[in-house]
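Engineer: For reference, the structure I am asking about is given below.
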Amino acid sequence: MKVKYILGLLFLLSIYACTKIEKGFQSDGIRYKDNDIFAKRGLILFQSDRINADGSTPPYTFKMLNLRKEDGSPAPAEFSKEYEILVFKTGMNFDPETDVTREQLDKKRELVKRLPMYFNENSGQLTFNKASANLPLGRYIFDVEMTNVTGTKLFPKLATINVVDPGIDDLFVITDDVANGFNDVTGAVTPMKNPIITCTKISNSGARAILKMVDKNGKVFNPKAGEIIARGDRPIFENYAKFNPVIQTDTAMICDFEVAPFPLTKYVTPTTDWGFLMYYRIPSTFIKSIDGFPASPGFSVNPRWSWQLKLEGTYVIQVKFPDVIKK
């Protein structure tokens, strides 16, 4: 009986020894956290989530295949074309305390050629940079090939890239916005309607802020003619222009700010942290009327605001006074 038991056990062991043991595991359910990937074109850096390998045995690699439009036609050539973008040199960073001239800034920057999108074959993560401003708007699908110890598997239409323009909140943030009428005789302060501040991006190139002030009908105040003036020792546009002087025209004040965000740093004096505040005055000489204010004596218009541009580009920032008519 014992002999039969031993022979049976040996037989089972021989069967087990001949059975091929599977090495590792590769899931059929790999995925991104969200298979709709939104690429906001022109941002300095945007990265998708990594691919969730769903318990697959590492190490593994991924390969992007057949990037195409939703209708199956080839992806635009812009995805595989290199573009020049301005970046900080490797190992160098901007220091607002010491980099106070354009010459100092340029010593740390260089033009490089980059693809607008990169696919990380170790993580499946997609990275977009400033060159993505050149990508056509649209929806693009792609396949992913995954390889690990078990072999290679294809995952068709794993995700969709949605190339979209950044929203206004990605470009421009307002943190303060008020206006007051100052009585020419008594100096008494009367609240006005808050100005309406809008930001319009007109170009991806450059780093320029064009600041305009207009009345309720869109009539422009002329900085060059003295229709817009500073308010004593309080900060104005010029206090935040680190690299180039502000240019005054008959329609706007223009600052080439070189590097975003702008303003780059807060304006701080020995007694006051002004943050990003800017103060201006439009003398009563140039004001025909302010809604709800008496015709006499005159009242100057005194706006105060705080805003910040988040990205390089060329922008028109318009400050509109909804209760003011210009002479």
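Numbering starts fresh at 1 for the residues of each chain in the structure tokens, the chains themselves are lettered A, B, ... in the order given, and ligands are numbered from 1 as they appear.
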Report the residues of range 109-313 of chain A whose backbone DSSP state falls under strand (DSSP E), written as JSON, numbers by chain.
Structural biologist: {"A": [109, 110, 111, 112, 113, 114, 117, 118, 119, 126, 127, 128, 129, 138, 139, 140, 141, 142, 143, 144, 145, 146, 147, 148, 151, 152, 153, 154, 155, 156, 157, 158, 159, 160, 161, 162, 163, 164, 172, 173, 174, 175, 176, 177, 178, 179, 180, 181, 182, 183, 189, 190, 191, 196, 197, 198, 199, 200, 201, 202, 203, 207, 208, 209, 210, 211, 212, 213, 214, 247, 248, 253, 254, 255, 256, 277, 278, 279, 287, 288, 289, 290, 299, 300, 301, 302, 303, 304, 305, 306, 307, 308, 309, 313]}
Engineer: Can I get the residues of range 18-97 of chain A within 12 Å of range 205-215 of chain A, each with the closest pair of atoms and their distance in Å to one decimal, using only C-alpha atoms, sorted chain first then ascending number, as CSV?
Structural biologist:
```
residue,atom,partner,partner_atom,distance
A:Gly42,CA,A:Ser205,CA,10.2
A:Glu84,CA,A:Ser205,CA,11.2
A:Ile85,CA,A:Ser205,CA,9.9
A:Leu86,CA,A:Gly206,CA,10.3
```
Engineer: Within 7 Å of Phe182 in chain A, counting only C-alpha atoms, which residues qualify if same-chain residues fewer than 3 places away don't, as a PyMOL selection string?
Structural biologist: chain A and resi 187-190+299-301
Engineer: Please return as an MDAnalysis selection string: the residues of range 134-204 of chain A that backbone DSSP assigns to alpha helix (DSSP H).
Structural biologist: chainID A and resid 168:171
Engineer: Excluding range 289-295 of chain A and its own-chain neighbours fewer than 4 positions away, which residues fall within 7 Å of it when counting only C-alpha atoms? Please give them as a ChimeraX atom specification.
Structural biologist: /A:323-325
Engineer: Selected residues, N, CA, C and O atoms, written as a tab-separated table (two decimals), in the first residue's frame, please.
Structural biologist:
```tsv
chain	number	residue	atom	x	y	z
A	323	ASP	N	-19.36	103.67	-16.23
A	323	ASP	CA	-20.20	104.82	-15.84
A	323	ASP	C	-19.55	106.15	-16.22
A	323	ASP	O	-19.95	107.21	-15.72
A	324	VAL	N	-18.57	106.13	-17.12
A	324	VAL	CA	-17.81	107.33	-17.47
A	324	VAL	C	-17.98	107.64	-18.96
A	324	VAL	O	-17.92	106.73	-19.79
A	325	ILE	N	-18.18	108.93	-19.26
A	325	ILE	CA	-18.14	109.40	-20.64
A	325	ILE	C	-16.98	110.39	-20.77
A	325	ILE	O	-16.87	111.35	-20.00
```
Engineer: Point out the residue among A:Tyr118, A:Phe262, A:Tyr315, A:Phe62 with the least atom-to-atom distance to Ile168 in chain A, counting only C-alpha atoms.
Structural biologist: A:Tyr315
Engineer: Considering only C-alpha atoms, return as JSON, numbers by chain whatever protein or nucleic-acid residues lie within 10 Å of range 239-243 of chain A, sequence-local ones (same chain, fewer than 2 positions apart) excluded.
Structural biologist: {"A": [96, 99, 100, 101, 102, 103, 104, 105, 234, 235, 236, 237, 245, 246, 254, 255, 256, 257, 258, 259, 262, 263, 264, 265, 266, 267, 268, 276, 277, 278]}
Engineer: Please identify all polymer residues within 6 Å of Trp307 in chain A, counting only C-alpha atoms, omitting same-chain residues fewer than 6 positions from it, and present them as a tab-separated table (two decimals) with C-alpha atoms, in the first residue's frame.
Structural biologist:
```tsv
chain	number	residue	atom	x	y	z
A	173	VAL	CA	-6.05	86.45	-13.17
A	174	ILE	CA	-7.68	89.55	-11.62
A	175	THR	CA	-7.32	89.97	-7.85
```
Engineer: Rank nothing, just name the residue among A:Lys193, A:Lys327, A:Lys320, A:Lys157 nearest to Asn66 in chain A, using only C-alpha atoms.
Structural biologist: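 Comparing A:Lys193, A:Lys327, A:Lys320, A:Lys157 against Asn66 in chain A, the winner is A:Lys157.
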Engineer: Can you pull out every residue within 8 Å of Tyr60 in chain A, counting only C-alpha atoms, but drop anything in the same chain fewer than 5 positions away, and send it as a ChimeraX atom specification?
Structural biologist: /A:122,146-149
Engineer: Write the residues of the preceding selection, restricted to C-alpha atoms, as a PDB file, in the first residue's frame.
Structural biologist:
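Output file part28.pdb follows:
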```pdb
ATOM      1  CA  ASN A 122       8.268  54.012 -19.595  1.00  0.00           C
ATOM      2  CA  MET A 146       2.591  47.424 -24.335  1.00  0.00           C
ATOM      3  CA  THR A 147       5.521  45.052 -23.809  1.00  0.00           C
ATOM      4  CA  ASN A 148       6.601  43.140 -20.711  1.00  0.00           C
ATOM      5  CA  VAL A 149       7.955  39.687 -19.868  1.00  0.00           C
TER       6      VAL A 149
END
```
Engineer: Tell me which of A:Thr198, A:Thr272, A:Asn134, A:Ser123 sits closest to Phe172 in chain A, counting only C-alpha atoms.
Structural biologist: A:Thr198
Engineer: Restricting the calculation to only C-alpha atoms, which member of A:Asp273, A:Glu238, A:Glu78, A:Asp165 is positioned closest to Leu43 in chain A?
Structural biologist: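 When distances to Leu43 in chain A are compared using only C-alpha atoms, the smallest one comes from A:Asp165.
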